[in-house]
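Source file: query_37.txt; contents: compact mmCIF, C-alpha atoms and all ligand atoms.
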# COMPACT_ATOMS: atom_id res chain seq x y z
CA MET A 1 -42.25 28.26 -21.75
CA ALA A 2 -43.51 31.69 -20.81
CA PHE A 3 -42.21 34.95 -22.21
CA GLU A 4 -42.06 36.36 -18.64
CA ASP A 5 -39.45 33.75 -17.69
CA THR A 6 -37.10 34.88 -20.48
CA LEU A 7 -37.77 38.51 -19.58
CA ARG A 8 -36.86 37.85 -15.95
CA TYR A 9 -33.53 36.30 -16.91
CA LEU A 10 -32.89 39.13 -19.36
CA SER A 11 -33.85 41.85 -16.86
CA HIS A 12 -31.59 40.37 -14.21
CA ALA A 13 -28.64 40.60 -16.62
CA THR A 14 -29.50 44.10 -17.90
CA SER A 15 -29.84 45.44 -14.35
CA ILE A 16 -26.38 44.09 -13.46
CA MET A 17 -25.00 45.66 -16.63
CA GLY A 18 -26.66 49.01 -15.94
CA VAL A 19 -28.45 48.97 -19.31
CA SER A 20 -30.86 51.90 -19.62
CA SER A 21 -34.57 51.14 -19.62
CA ARG A 22 -34.88 52.42 -23.21
CA ILE A 23 -32.23 50.01 -24.48
CA GLU A 24 -33.74 47.23 -22.37
CA GLN A 25 -37.08 47.92 -24.02
CA LEU A 26 -35.40 47.72 -27.42
CA LEU A 27 -33.81 44.36 -26.57
CA MET A 28 -37.09 42.93 -25.31
CA THR A 29 -39.32 44.00 -28.19
CA PRO A 30 -39.51 41.72 -31.24
CA THR A 31 -38.58 43.33 -34.55
CA ARG A 32 -41.49 41.79 -36.42
CA GLN A 33 -44.43 39.61 -35.41
CA LEU A 34 -46.43 37.88 -38.10
CA LYS A 35 -49.70 36.13 -37.41
CA VAL A 36 -51.21 34.52 -40.47
CA GLU A 37 -54.19 32.46 -41.46
CA VAL A 38 -53.32 29.06 -42.88
CA ALA A 39 -56.40 27.73 -44.67
CA ILE A 40 -56.18 24.41 -46.50
CA GLU A 41 -58.49 21.91 -48.12
CA MET A 42 -58.71 18.79 -45.95
CA ASP A 43 -58.76 15.31 -47.48
CA ASN A 44 -62.51 15.03 -46.84
CA GLY A 45 -63.22 18.21 -48.80
CA SER A 46 -63.79 20.45 -45.77
CA VAL A 47 -61.70 23.56 -45.09
CA GLY A 48 -59.20 23.56 -42.23
CA VAL A 49 -58.21 26.96 -40.85
CA PHE A 50 -55.14 27.26 -38.62
CA GLU A 51 -53.19 30.11 -37.05
CA GLY A 52 -49.54 30.49 -37.94
CA PHE A 53 -46.85 32.65 -36.33
CA ARG A 54 -43.39 33.82 -37.30
CA ILE A 55 -41.74 36.13 -34.81
CA GLN A 56 -38.43 37.79 -35.63
CA HIS A 57 -36.97 39.00 -32.40
CA ASN A 58 -33.73 40.70 -33.42
CA ASN A 59 -31.54 40.94 -36.53
CA ALA A 60 -28.76 43.24 -35.37
CA ARG A 61 -26.07 40.53 -35.75
CA GLY A 62 -27.39 38.87 -38.91
CA PRO A 63 -30.46 37.21 -40.45
CA CYS A 64 -33.00 35.88 -37.96
CA LYS A 65 -32.73 32.17 -37.22
CA GLY A 66 -35.00 29.76 -35.39
CA GLY A 67 -37.23 26.72 -35.53
CA LEU A 68 -40.78 26.17 -36.70
CA ARG A 69 -43.09 23.96 -34.63
CA PHE A 70 -46.46 22.37 -35.28
CA HIS A 71 -48.32 21.97 -32.00
CA HIS A 72 -51.88 22.49 -30.80
CA GLU A 73 -50.66 24.69 -27.91
CA VAL A 74 -48.58 27.10 -30.02
CA ASP A 75 -49.36 30.69 -29.11
CA GLY A 76 -47.80 34.08 -29.72
CA ASP A 77 -46.45 34.38 -26.16
CA GLU A 78 -44.52 31.13 -26.37
CA VAL A 79 -43.20 31.82 -29.86
CA ASN A 80 -42.09 35.26 -28.66
CA ALA A 81 -40.13 33.75 -25.74
CA LEU A 82 -38.48 31.18 -27.95
CA ALA A 83 -37.59 33.79 -30.60
CA SER A 84 -35.91 35.91 -27.95
CA LEU A 85 -33.94 32.91 -26.65
CA MET A 86 -32.61 32.39 -30.18
CA THR A 87 -31.22 35.94 -30.26
CA TRP A 88 -29.26 35.31 -27.08
CA LYS A 89 -28.24 31.78 -28.10
CA THR A 90 -26.74 32.82 -31.44
CA ALA A 91 -24.93 35.70 -29.72
CA VAL A 92 -23.45 33.50 -26.96
CA VAL A 93 -21.87 31.14 -29.49
CA GLY A 94 -20.91 34.05 -31.75
CA ILE A 95 -22.58 32.92 -34.96
CA PRO A 96 -23.78 35.72 -37.27
CA TYR A 97 -27.52 35.45 -36.75
CA GLY A 98 -30.35 37.06 -34.87
CA GLY A 99 -33.28 35.18 -33.37
CA ALA A 100 -36.69 34.04 -34.59
CA LYS A 101 -39.25 31.31 -34.01
CA GLY A 102 -42.40 30.16 -35.72
CA GLY A 103 -45.29 27.85 -35.19
CA VAL A 104 -48.63 26.68 -36.48
CA GLN A 105 -51.38 25.92 -33.99
CA VAL A 106 -52.29 22.43 -35.13
CA ASP A 107 -52.21 18.89 -33.80
CA PRO A 108 -50.19 17.29 -36.61
CA ARG A 109 -51.20 13.77 -35.53
CA LYS A 110 -54.71 14.57 -36.73
CA LEU A 111 -53.54 15.46 -40.26
CA SER A 112 -52.60 13.13 -43.10
CA VAL A 113 -49.19 13.53 -44.76
CA ARG A 114 -50.84 15.25 -47.76
CA GLU A 115 -52.67 17.66 -45.42
CA LEU A 116 -49.41 18.42 -43.60
CA GLU A 117 -47.74 19.15 -46.92
CA ARG A 118 -50.57 21.51 -47.94
CA LEU A 119 -50.37 23.19 -44.52
CA THR A 120 -46.61 23.69 -44.80
CA ARG A 121 -46.82 25.03 -48.35
CA LYS A 122 -49.70 27.39 -47.47
CA PHE A 123 -47.83 28.69 -44.44
CA THR A 124 -44.82 29.30 -46.71
CA ASP A 125 -47.07 31.17 -49.17
CA GLN A 126 -48.16 33.41 -46.30
CA ILE A 127 -44.68 34.24 -45.01
CA HIS A 128 -42.36 33.91 -48.04
CA PHE A 129 -41.88 37.68 -48.39
CA PHE A 130 -40.63 37.83 -44.80
CA ILE A 131 -38.15 34.92 -44.79
CA GLY A 132 -35.10 34.19 -46.96
CA PRO A 133 -31.42 33.20 -46.79
CA ASP A 134 -30.45 36.76 -45.79
CA VAL A 135 -33.60 37.60 -43.82
CA ASP A 136 -34.89 34.74 -41.67
CA ILE A 137 -34.01 31.05 -41.90
CA PRO A 138 -36.44 28.55 -40.32
CA ALA A 139 -35.40 25.09 -39.08
CA PRO A 140 -37.17 22.01 -37.67
CA ASP A 141 -38.55 22.11 -34.14
CA VAL A 142 -41.30 20.24 -32.29
CA ASN A 143 -43.20 17.98 -34.77
CA THR A 144 -41.44 19.31 -37.86
CA ASP A 145 -38.53 17.60 -39.59
CA GLY A 146 -36.38 17.40 -42.70
CA GLN A 147 -39.42 16.68 -44.87
CA THR A 148 -41.14 19.85 -43.60
CA MET A 149 -38.02 21.85 -44.46
CA ALA A 150 -37.89 20.25 -47.92
CA TRP A 151 -41.49 21.42 -48.59
CA ILE A 152 -40.68 24.95 -47.39
CA MET A 153 -37.55 25.09 -49.54
CA ASP A 154 -39.48 23.87 -52.59
CA GLN A 155 -42.37 26.29 -52.09
CA TYR A 156 -40.09 29.25 -51.36
CA SER A 157 -37.98 28.41 -54.44
CA LYS A 158 -41.09 28.67 -56.64
CA TYR A 159 -41.24 32.37 -55.79
CA HIS A 160 -37.56 33.21 -55.42
CA GLY A 161 -35.56 30.66 -57.48
CA HIS A 162 -33.56 27.70 -56.15
CA SER A 163 -32.89 28.62 -52.49
CA PRO A 164 -31.53 25.79 -50.33
CA ALA A 165 -30.24 28.30 -47.76
CA VAL A 166 -33.77 29.49 -46.85
CA VAL A 167 -34.11 26.67 -44.30
CA THR A 168 -31.74 24.39 -42.40
CA GLY A 169 -32.26 20.90 -41.03
CA LYS A 170 -32.89 19.65 -44.58
CA PRO A 171 -32.32 15.99 -45.50
CA ILE A 172 -28.73 15.21 -46.61
CA GLU A 173 -30.05 14.43 -50.13
CA LEU A 174 -31.44 17.95 -50.35
CA ALA A 175 -28.46 20.09 -49.32
CA GLY A 176 -28.58 19.19 -45.62
CA SER A 177 -25.47 18.93 -43.47
CA HIS A 178 -23.77 15.91 -42.01
CA GLY A 179 -23.62 16.00 -38.22
CA ARG A 180 -26.83 18.03 -37.75
CA VAL A 181 -28.83 15.23 -36.13
CA ALA A 182 -26.35 14.69 -33.30
CA ALA A 183 -25.17 18.32 -33.02
CA THR A 184 -27.41 19.55 -30.18
CA GLY A 185 -26.77 16.46 -28.05
CA ARG A 186 -23.05 16.72 -28.84
CA GLY A 187 -22.98 20.30 -27.58
CA VAL A 188 -24.90 19.30 -24.43
CA ALA A 189 -22.47 16.44 -23.76
CA LEU A 190 -19.42 18.67 -24.32
CA CYS A 191 -20.78 21.31 -21.91
CA ALA A 192 -21.54 18.60 -19.34
CA MET A 193 -17.99 17.23 -19.56
CA TRP A 194 -16.35 20.67 -19.30
CA ALA A 195 -18.57 21.65 -16.38
CA LEU A 196 -17.96 18.35 -14.54
CA ARG A 197 -14.22 18.97 -14.87
CA ASP A 198 -14.67 22.53 -13.57
CA LEU A 199 -16.44 21.02 -10.56
CA GLY A 200 -13.54 18.61 -10.02
CA ILE A 201 -15.61 15.55 -10.96
CA ASP A 202 -14.11 12.90 -13.26
CA VAL A 203 -16.25 12.34 -16.34
CA GLU A 204 -15.31 8.68 -16.24
CA GLY A 205 -17.64 7.16 -13.66
CA ALA A 206 -19.73 10.34 -13.27
CA ARG A 207 -23.42 9.52 -12.79
CA PHE A 208 -26.02 11.33 -14.86
CA ALA A 209 -29.78 11.40 -15.48
CA VAL A 210 -31.57 12.41 -18.68
CA GLN A 211 -35.19 13.50 -19.08
CA GLY A 212 -36.28 12.99 -22.70
CA PHE A 213 -34.62 10.29 -24.74
CA GLY A 214 -35.38 11.81 -28.14
CA ASN A 215 -32.88 13.52 -30.39
CA VAL A 216 -31.13 15.72 -27.82
CA GLY A 217 -31.30 13.42 -24.79
CA SER A 218 -30.24 10.24 -26.56
CA TRP A 219 -27.26 11.83 -28.35
CA ALA A 220 -26.09 13.56 -25.18
CA ALA A 221 -26.35 10.24 -23.31
CA ARG A 222 -24.48 8.33 -26.02
CA LEU A 223 -21.58 10.75 -26.09
CA LEU A 224 -21.30 10.95 -22.31
CA ALA A 225 -21.42 7.16 -22.07
CA GLU A 226 -18.65 6.96 -24.70
CA HIS A 227 -16.52 8.95 -22.25
CA GLY A 228 -17.25 6.56 -19.40
CA ALA A 229 -20.08 8.41 -17.62
CA LEU A 230 -22.96 6.29 -16.28
CA LEU A 231 -26.59 6.94 -17.21
CA VAL A 232 -28.44 5.83 -14.06
CA ALA A 233 -31.89 7.44 -14.51
CA VAL A 234 -33.89 8.20 -17.63
CA GLY A 235 -37.45 9.17 -18.48
CA ASP A 236 -39.73 10.29 -21.27
CA HIS A 237 -43.43 10.68 -22.11
CA GLY A 238 -43.96 6.98 -21.26
CA GLY A 239 -42.43 7.00 -17.76
CA TYR A 240 -39.21 6.87 -15.77
CA LEU A 241 -36.58 4.15 -15.21
CA GLU A 242 -33.51 3.76 -13.02
CA ASN A 243 -30.51 1.47 -13.01
CA PRO A 244 -27.83 2.20 -10.40
CA GLU A 245 -25.32 0.10 -12.36
CA GLY A 246 -25.75 2.29 -15.44
CA PHE A 247 -27.84 1.66 -18.57
CA ASP A 248 -26.39 0.20 -21.74
CA VAL A 249 -27.10 3.40 -23.69
CA GLU A 250 -26.73 1.92 -27.19
CA ALA A 251 -29.13 -0.91 -26.27
CA LEU A 252 -31.56 1.68 -24.88
CA VAL A 253 -31.40 3.62 -28.17
CA ARG A 254 -32.19 0.39 -30.08
CA HIS A 255 -35.07 -0.33 -27.66
CA VAL A 256 -36.62 3.13 -28.22
CA ASP A 257 -36.19 2.84 -32.02
CA ALA A 258 -37.97 -0.52 -31.98
CA SER A 259 -40.74 0.52 -29.56
CA PRO A 260 -44.07 1.48 -31.22
CA SER A 261 -44.50 4.27 -28.65
CA ARG A 262 -40.81 5.34 -29.02
CA SER A 263 -40.42 5.21 -25.24
CA VAL A 264 -37.69 3.92 -22.90
CA VAL A 265 -40.39 2.15 -20.90
CA GLY A 266 -40.12 -1.65 -20.92
CA PHE A 267 -36.31 -1.64 -21.25
CA PRO A 268 -35.18 -4.91 -19.68
CA GLY A 269 -33.16 -4.95 -16.46
CA SER A 270 -34.29 -1.58 -15.11
CA ASP A 271 -36.52 -0.51 -12.23
CA THR A 272 -39.49 1.74 -12.84
CA SER A 273 -39.51 5.10 -11.14
CA SER A 274 -41.44 8.40 -11.14
CA LEU A 275 -40.78 11.99 -12.21
CA GLU A 276 -40.28 12.99 -8.55
CA ALA A 277 -37.80 10.16 -7.91
CA PHE A 278 -36.06 10.91 -11.21
CA LEU A 279 -35.51 14.58 -10.31
CA ALA A 280 -34.20 13.58 -6.88
CA SER A 281 -31.79 10.98 -8.33
CA ASP A 282 -28.40 10.68 -6.69
CA VAL A 283 -26.43 11.91 -9.71
CA ASP A 284 -23.62 14.32 -10.49
CA CYS A 285 -25.36 15.76 -13.52
CA LEU A 286 -29.02 16.17 -14.47
CA ILE A 287 -29.91 16.81 -18.12
CA PRO A 288 -33.47 17.99 -18.78
CA ALA A 289 -33.89 17.36 -22.53
CA ALA A 290 -37.65 17.22 -22.98
CA LEU A 291 -39.90 20.02 -21.79
CA GLY A 292 -39.92 23.64 -20.71
CA GLY A 293 -40.70 24.49 -17.06
CA VAL A 294 -40.08 21.01 -15.62
CA ILE A 295 -37.77 22.26 -12.86
CA ASP A 296 -40.07 24.22 -10.56
CA ASN A 297 -39.76 25.24 -6.91
CA ALA A 298 -40.66 21.78 -5.62
CA ALA A 299 -38.09 20.13 -7.90
CA ALA A 300 -35.45 22.71 -6.91
CA GLU A 301 -35.73 21.51 -3.28
CA THR A 302 -35.25 17.84 -4.10
CA ILE A 303 -32.64 17.91 -6.86
CA ARG A 304 -29.39 16.32 -5.64
CA ALA A 305 -27.30 16.84 -8.79
CA LYS A 306 -24.38 19.25 -8.51
CA LEU A 307 -24.76 20.19 -12.15
CA ILE A 308 -27.75 20.80 -14.43
CA VAL A 309 -27.12 21.05 -18.17
CA GLU A 310 -30.18 22.38 -19.98
CA GLY A 311 -30.72 20.39 -23.17
CA ALA A 312 -34.34 21.55 -23.47
CA ASN A 313 -35.33 25.18 -23.96
CA GLY A 314 -36.45 26.86 -20.74
CA PRO A 315 -36.59 23.79 -18.46
CA THR A 316 -35.88 25.79 -15.27
CA LYS A 317 -38.38 28.30 -13.87
CA PRO A 318 -36.74 31.55 -12.64
CA ASP A 319 -37.62 31.02 -8.94
CA ALA A 320 -36.29 27.48 -9.09
CA HIS A 321 -33.13 28.78 -10.77
CA GLU A 322 -32.54 31.15 -7.84
CA ARG A 323 -33.09 28.39 -5.27
CA LEU A 324 -30.70 26.05 -7.05
CA ILE A 325 -28.00 28.71 -7.39
CA ALA A 326 -28.40 29.46 -3.66
CA ARG A 327 -27.81 25.75 -3.07
CA ASP A 328 -24.58 25.93 -5.14
CA VAL A 329 -25.90 23.89 -8.04
CA MET A 330 -24.14 24.83 -11.29
CA ILE A 331 -26.58 25.37 -14.17
CA ILE A 332 -25.33 25.49 -17.75
CA PRO A 333 -28.17 27.42 -19.39
CA ASP A 334 -30.07 26.44 -22.54
CA ILE A 335 -28.75 29.41 -24.52
CA LEU A 336 -25.27 27.89 -24.19
CA ALA A 337 -25.80 24.16 -23.62
CA ASN A 338 -28.16 23.45 -26.53
CA ALA A 339 -26.57 25.89 -29.00
CA GLY A 340 -24.80 23.05 -30.86
CA GLY A 341 -27.88 22.57 -33.04
CA VAL A 342 -28.11 26.13 -34.31
CA THR A 343 -24.32 26.20 -34.75
CA CYS A 344 -24.56 23.20 -37.04
CA SER A 345 -27.50 24.85 -38.82
CA TYR A 346 -25.17 27.76 -39.43
CA PHE A 347 -22.69 25.30 -40.99
CA GLU A 348 -25.47 23.99 -43.24
CA TRP A 349 -26.31 27.54 -44.37
CA VAL A 350 -22.61 28.29 -45.01
CA GLN A 351 -22.31 25.09 -47.09
CA ASN A 352 -25.50 25.98 -49.02
CA ASN A 353 -24.22 29.48 -49.75
CA GLN A 354 -20.80 28.15 -50.84
CA ARG A 355 -22.28 25.19 -52.77
CA PHE A 356 -19.44 23.24 -51.16
CA TYR A 357 -20.09 20.42 -48.70
CA TRP A 358 -18.16 19.14 -45.69
CA THR A 359 -17.68 15.67 -44.24
CA GLU A 360 -19.11 14.73 -40.84
CA GLU A 361 -15.59 14.92 -39.36
CA GLU A 362 -15.18 18.47 -40.69
CA VAL A 363 -18.55 19.48 -39.22
CA ASN A 364 -17.80 17.97 -35.80
CA GLY A 365 -14.27 19.40 -35.89
CA ARG A 366 -15.71 22.90 -36.38
CA LEU A 367 -18.48 22.52 -33.79
CA GLU A 368 -16.31 21.73 -30.79
CA PRO A 369 -14.07 24.87 -30.89
CA ILE A 370 -17.12 27.14 -31.20
CA MET A 371 -18.83 25.46 -28.22
CA ARG A 372 -15.55 25.50 -26.29
CA ARG A 373 -14.97 29.21 -26.84
CA ALA A 374 -18.54 29.99 -25.77
CA TYR A 375 -18.28 27.74 -22.70
CA ASP A 376 -14.90 29.17 -21.68
CA SER A 377 -15.93 32.81 -22.00
CA THR A 378 -19.13 32.15 -20.03
CA ALA A 379 -17.31 30.21 -17.31
CA ALA A 380 -14.54 32.85 -17.12
CA LEU A 381 -17.04 35.69 -16.69
CA ALA A 382 -19.01 33.67 -14.14
CA ARG A 383 -15.81 33.07 -12.15
CA SER A 384 -14.44 36.60 -12.32
CA LYS A 385 -17.71 38.39 -11.49
CA HIS A 386 -19.23 35.71 -9.22
CA PHE A 387 -22.18 35.35 -11.60
CA ASP A 388 -24.07 32.14 -12.13
CA HIS A 389 -23.55 30.75 -15.66
CA ARG A 390 -26.97 31.84 -16.92
CA THR A 391 -26.37 35.44 -15.92
CA ALA A 392 -22.88 35.31 -17.45
CA ALA A 393 -24.22 33.91 -20.74
CA PHE A 394 -26.95 36.58 -20.89
CA VAL A 395 -24.44 39.34 -20.12
CA ILE A 396 -22.19 38.16 -22.98
CA ALA A 397 -25.14 37.87 -25.37
CA ILE A 398 -26.62 41.27 -24.48
CA ARG A 399 -23.20 42.87 -24.85
CA GLU A 400 -22.77 41.39 -28.34
CA VAL A 401 -26.27 42.33 -29.53
CA GLY A 402 -25.92 45.77 -27.91
CA LYS A 403 -22.58 46.42 -29.62
CA ALA A 404 -23.97 45.41 -33.04
CA THR A 405 -27.06 47.59 -32.51
CA ALA A 406 -24.96 50.60 -31.49
CA LEU A 407 -22.60 50.19 -34.46
CA ARG A 408 -25.48 49.95 -36.92
CA GLY A 409 -27.49 52.72 -35.31
CA VAL A 410 -31.06 52.45 -34.07
P1 LIG B 1 -37.67 14.88 -29.54
O1 LIG B 1 -39.07 14.98 -29.99
O2 LIG B 1 -36.69 14.13 -30.38
O3 LIG B 1 -37.62 14.23 -28.08
C1 LIG B 1 -38.41 14.72 -27.06
C2 LIG B 1 -38.31 13.77 -25.88
O4 LIG B 1 -39.07 14.33 -24.81
C3 LIG B 1 -38.88 12.39 -26.17
O5 LIG B 1 -38.07 11.40 -25.56
C4 LIG B 1 -40.24 12.44 -25.47
O6 LIG B 1 -40.68 11.17 -25.03
C5 LIG B 1 -39.91 13.32 -24.28
N1 LIG B 1 -41.13 13.88 -23.70
C6 LIG B 1 -42.20 14.41 -24.34
N2 LIG B 1 -43.15 14.73 -23.46
C7 LIG B 1 -42.67 14.39 -22.24
C8 LIG B 1 -43.20 14.46 -20.93
N3 LIG B 1 -44.42 14.94 -20.69
N4 LIG B 1 -42.42 14.04 -19.91
C9 LIG B 1 -41.19 13.53 -20.13
N5 LIG B 1 -40.64 13.43 -21.36
C10 LIG B 1 -41.39 13.86 -22.39
O7 LIG B 1 -37.20 16.38 -29.28
P2 LIG B 1 -35.72 16.96 -29.23
O8 LIG B 1 -35.36 17.47 -30.57
O9 LIG B 1 -34.83 15.98 -28.55
O10 LIG B 1 -35.92 18.24 -28.30
C11 LIG B 1 -35.95 18.14 -26.88
C12 LIG B 1 -35.83 19.52 -26.27
O11 LIG B 1 -34.63 20.12 -26.73
C13 LIG B 1 -36.95 20.51 -26.64
O12 LIG B 1 -37.15 21.36 -25.53
C14 LIG B 1 -36.35 21.29 -27.78
O13 LIG B 1 -36.95 22.58 -27.90
C15 LIG B 1 -34.91 21.39 -27.31
N6 LIG B 1 -33.95 21.66 -28.38
C16 LIG B 1 -33.82 20.80 -29.43
C17 LIG B 1 -32.88 21.06 -30.41
C18 LIG B 1 -32.65 20.11 -31.57
O14 LIG B 1 -31.73 20.35 -32.35
N7 LIG B 1 -33.40 19.01 -31.68
C19 LIG B 1 -32.09 22.23 -30.34
C20 LIG B 1 -32.25 23.07 -29.24
C21 LIG B 1 -33.18 22.78 -28.27
Show me the file's structure as structure tokens.
Amino acid sequence: MAFEDTLRYLSHATSIMGVSSRIEQLLMTPTRQLKVEVAIEMDNGSVGVFEGFRIQHNNARGPCKGGLRFHHEVDGDEVNALASLMTWKTAVVGIPYGGAKGGVQVDPRKLSVRELERLTRKFTDQIHFFIGPDVDIPAPDVNTDGQTMAWIMDQYSKYHGHSPAVVTGKPIELAGSHGRVAATGRGVALCAMWALRDLGIDVEGARFAVQGFGNVGSWAARLLAEHGALLVAVGDHGGYLENPEGFDVEALVRHVDASPSRSVVGFPGSDTSSLEAFLASDVDCLIPAALGGVIDNAAAETIRAKLIVEGANGPTKPDAHERLIARDVMIIPDILANAGGVTCSYFEWVQNNQRFYWTEEEVNGRLEPIMRRAYDSTAALARSKHFDHRTAAFVIAIREVGKATALRGV
């Protein structure tokens, strides 16, 4: 996703709020941008040199928080945009963090596990003075996982003493939190159900489509299906499928788990489709949960859903957003809809700091009220001021970050 897209959404909200250009400049500019060299010895004895980034966008409301991705297309612009989104996301759900993001420009499929470990430890060596439980707390993102976080925690702890709270998304055996895996999808499903009800559509029998059947998409689909909604179109990197009768979501999850390519493709009893047909599916709710920028102007013209719930970060381009809003499509924005993950990361950090651990029921029981409060305040502002939900969420987030900044002093 491009930094300009986030800036456009932000600028729209600040202009409505009458924020001065100096304050707007302050909100747009990252606090700290690190670009580091990550040089490691490869298994064949050669030297691999990679570029790493950690961008801390804002820390007015608390330590910076955000994922770390390993991808060959990582660049400063994208990391910047994602760091900024984290500032607004943590503010919308009211958890005491700022925003950050990191990445290493590498194709992790080309590295052995040992090389990945060396890469992660070297990156940690390069940034350890700039992260920490009270400074900046990384988490898994694209192509990083609990093992990556375990290596970071271990490497960081060599410098600073035992520090489980320096990263979240850790394995349960290493001070991770129950409920984290499903948390983002759970938040997406909750937002979808609340928004469907606001639109006067029964969740039971509502038809929905999900792009991306990985962590976020599959958990959102499972929870919606549990409440009687019908998944009728689904797609991922392998292709697209449709089933007007509704997929057996649990069987689809088992199919993906068993598939060597981890794709929905080949699931028995479904018809194959295309991205274009998928986007134009006759559904009540469309959940993009894979890529940024997938909903462009062309898609905005063909989408028939009355509701879009953004599981992915930045799936809707700003022009497409405007077209969809003009067509009365409700969009629950990423900074609200997929905030369940960072909220659960916050729970993990709280548990690490307290050295006291919660059950999965306790975690889920605490997640829903936080998501509910954030959804309700966004929906109430959208209703009272005739804003779309994205603008309302940005207005709330900017207000919170602005208040904290003013109280602390520039
Ligand atoms: P994942 O790797 O578990 O799943 C990604 C899914 O996207 C897979 O099903 C994959 O097949 C699909 N995909 C990849 N390339 C595709 C393509 N070209 N076309 C269609 N589908 C494609 O990732 P995830 O954790 O589920 O994350 C999905 C999105 O949600 C990302 O945008 C991520 O930034 C965002 N997100 C994730 C979390 C989290 O907690 N996991 C939190 C907030 C936001």
Who sits within 10 Å of range 276-278 of chain A, only C-alpha atoms, same chain under 5 positions skipped, as a list in words:
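Selected residues are Ala209, Val210, Gln211, Val232, Ala233, Val234, Gly235, Gly239, Tyr240, Leu241, Glu242, Val283, Leu286, Ala298, Ala299, Thr302 and Ile303 of chain A.
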Taking (-21.9, 19.0, -20.1) as a centre in this file's frame and 9 Å as the limit, can you find every polymer residue with an atom that close, using all atoms listed in the file, and give them as a PyMOL selection string?
chain A and resi 187-196+220+224+285+287+307-310+332+337
Near Ala312 in chain A, counting only C-alpha atoms, which residues have an atom at most 7 Å away, once you skip same-chain residues fewer than 2 positions from it, shown as a PyMOL selection string?
chain A and resi 288-292+310+314-315+334
Residues as selected, C-alpha atoms, written as a PDB file, in the coordinates of the input, can you do that?
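Contents of the output file selection-v1.pdb:
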ATOM      1  CA  PRO A 288     -33.470  17.990 -18.780  1.00  0.00           C
ATOM      2  CA  ALA A 289     -33.890  17.360 -22.530  1.00  0.00           C
ATOM      3  CA  ALA A 290     -37.650  17.220 -22.980  1.00  0.00           C
ATOM      4  CA  LEU A 291     -39.900  20.020 -21.790  1.00  0.00           C
ATOM      5  CA  GLY A 292     -39.920  23.640 -20.710  1.00  0.00           C
ATOM      6  CA  GLU A 310     -30.180  22.380 -19.980  1.00  0.00           C
ATOM      7  CA  GLY A 314     -36.450  26.860 -20.740  1.00  0.00           C
ATOM      8  CA  PRO A 315     -36.590  23.790 -18.460  1.00  0.00           C
ATOM      9  CA  ASP A 334     -30.070  26.440 -22.540  1.00  0.00           C
TER      10      ASP A 334
END
Option closest in space to ligand LIG 1 (chain B), from A:Leu68, A:Ile23, A:Met86, A:Val216 [counting all atoms listed in the file]:
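Closest to ligand LIG 1 (chain B) of all the choices is A:Val216.
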Would you list the residues near (-19.8, 27.2, -24.7), meaning any protein, DNA or RNA residue with an atom at most 8 Å from that point in file coordinates, counting only C-alpha atoms, as a short mmCIF file (atom, residue, chain, number, x, y, z; two decimals) with C-alpha atoms, in the frame of the given file?
data_model
loop_
_atom_site.label_atom_id
_atom_site.label_comp_id
_atom_site.auth_asym_id
_atom_site.auth_seq_id
_atom_site.Cartn_x
_atom_site.Cartn_y
_atom_site.Cartn_z
CA VAL A 92 -23.45 33.50 -26.96
CA VAL A 93 -21.87 31.14 -29.49
CA CYS A 191 -20.78 21.31 -21.91
CA LEU A 336 -25.27 27.89 -24.19
CA ALA A 337 -25.80 24.16 -23.62
CA ILE A 370 -17.12 27.14 -31.20
CA MET A 371 -18.83 25.46 -28.22
CA ARG A 372 -15.55 25.50 -26.29
CA ARG A 373 -14.97 29.21 -26.84
CA ALA A 374 -18.54 29.99 -25.77
CA TYR A 375 -18.28 27.74 -22.70
CA ASP A 376 -14.90 29.17 -21.68
CA SER A 377 -15.93 32.81 -22.00
CA THR A 378 -19.13 32.15 -20.03
#
Go through A:Arg207, A:Arg118, A:His389, A:Arg186 one by one, measure the shortest atom-to-atom distance of each to ligand LIG 1 (chain B) using all atoms listed in the file, and give the residue with the smallest value.
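Comparing A:Arg207, A:Arg118, A:His389, A:Arg186 against ligand LIG 1 (chain B), the winner is A:Arg186.
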Using all atoms listed in the file, can you tell me which of A:Val79, A:Leu381, A:Val350, A:Val401 comes closest to ligand LIG 1 (chain B)?
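Smallest separation from ligand LIG 1 (chain B) among the options: A:Val79.
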Identify which of the residues A:Gly103, A:Gly402, A:Pro140, A:Gly205 lies closest to ligand LIG 1 (chain B), counting all atoms listed in the file when measuring atom-to-atom distances.
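Counting all atoms listed in the file, the residue closest to ligand LIG 1 (chain B) is A:Pro140.
Here the question is which of A:Glu348, A:Asp248, A:Asp75, A:Asp145 gets nearest to Pro164 in chain A using all atoms listed in the file, and that residue is A:Glu348.
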So the first atom is atom C11 of ligand LIG 1 (chain B) and the second is CA of Glu173 in chain A; what is the distance between them in Å, to one decimal place?
24.3 Å
What's the 12 Å shell around range 122-129 of chain A, counting only C-alpha atoms, without same-chain residues fewer than 4 positions away, as a count of residues only?
52
Which value, in Å to one decimal, gives the distance between CA of Leu119 in chain A and CA of Val74 in chain A?
15.1 Å
Among listed residues A:Pro171, A:Gly340, A:Pro260, A:Pro268, nearest Thr184 in chain A (using all atoms listed in the file):
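Once distances to Thr184 in chain A are computed over all atoms listed in the file, the minimum belongs to A:Gly340.
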Applying 12 Å and only C-alpha atoms, which residues near Glu322 in chain A remain after dropping the ones on its own chain fewer than 3 positions away? List them as an MDAnalysis selection string.
chainID A and resid 8:9 12 295:297 300:301 316:319 325:331 387:391
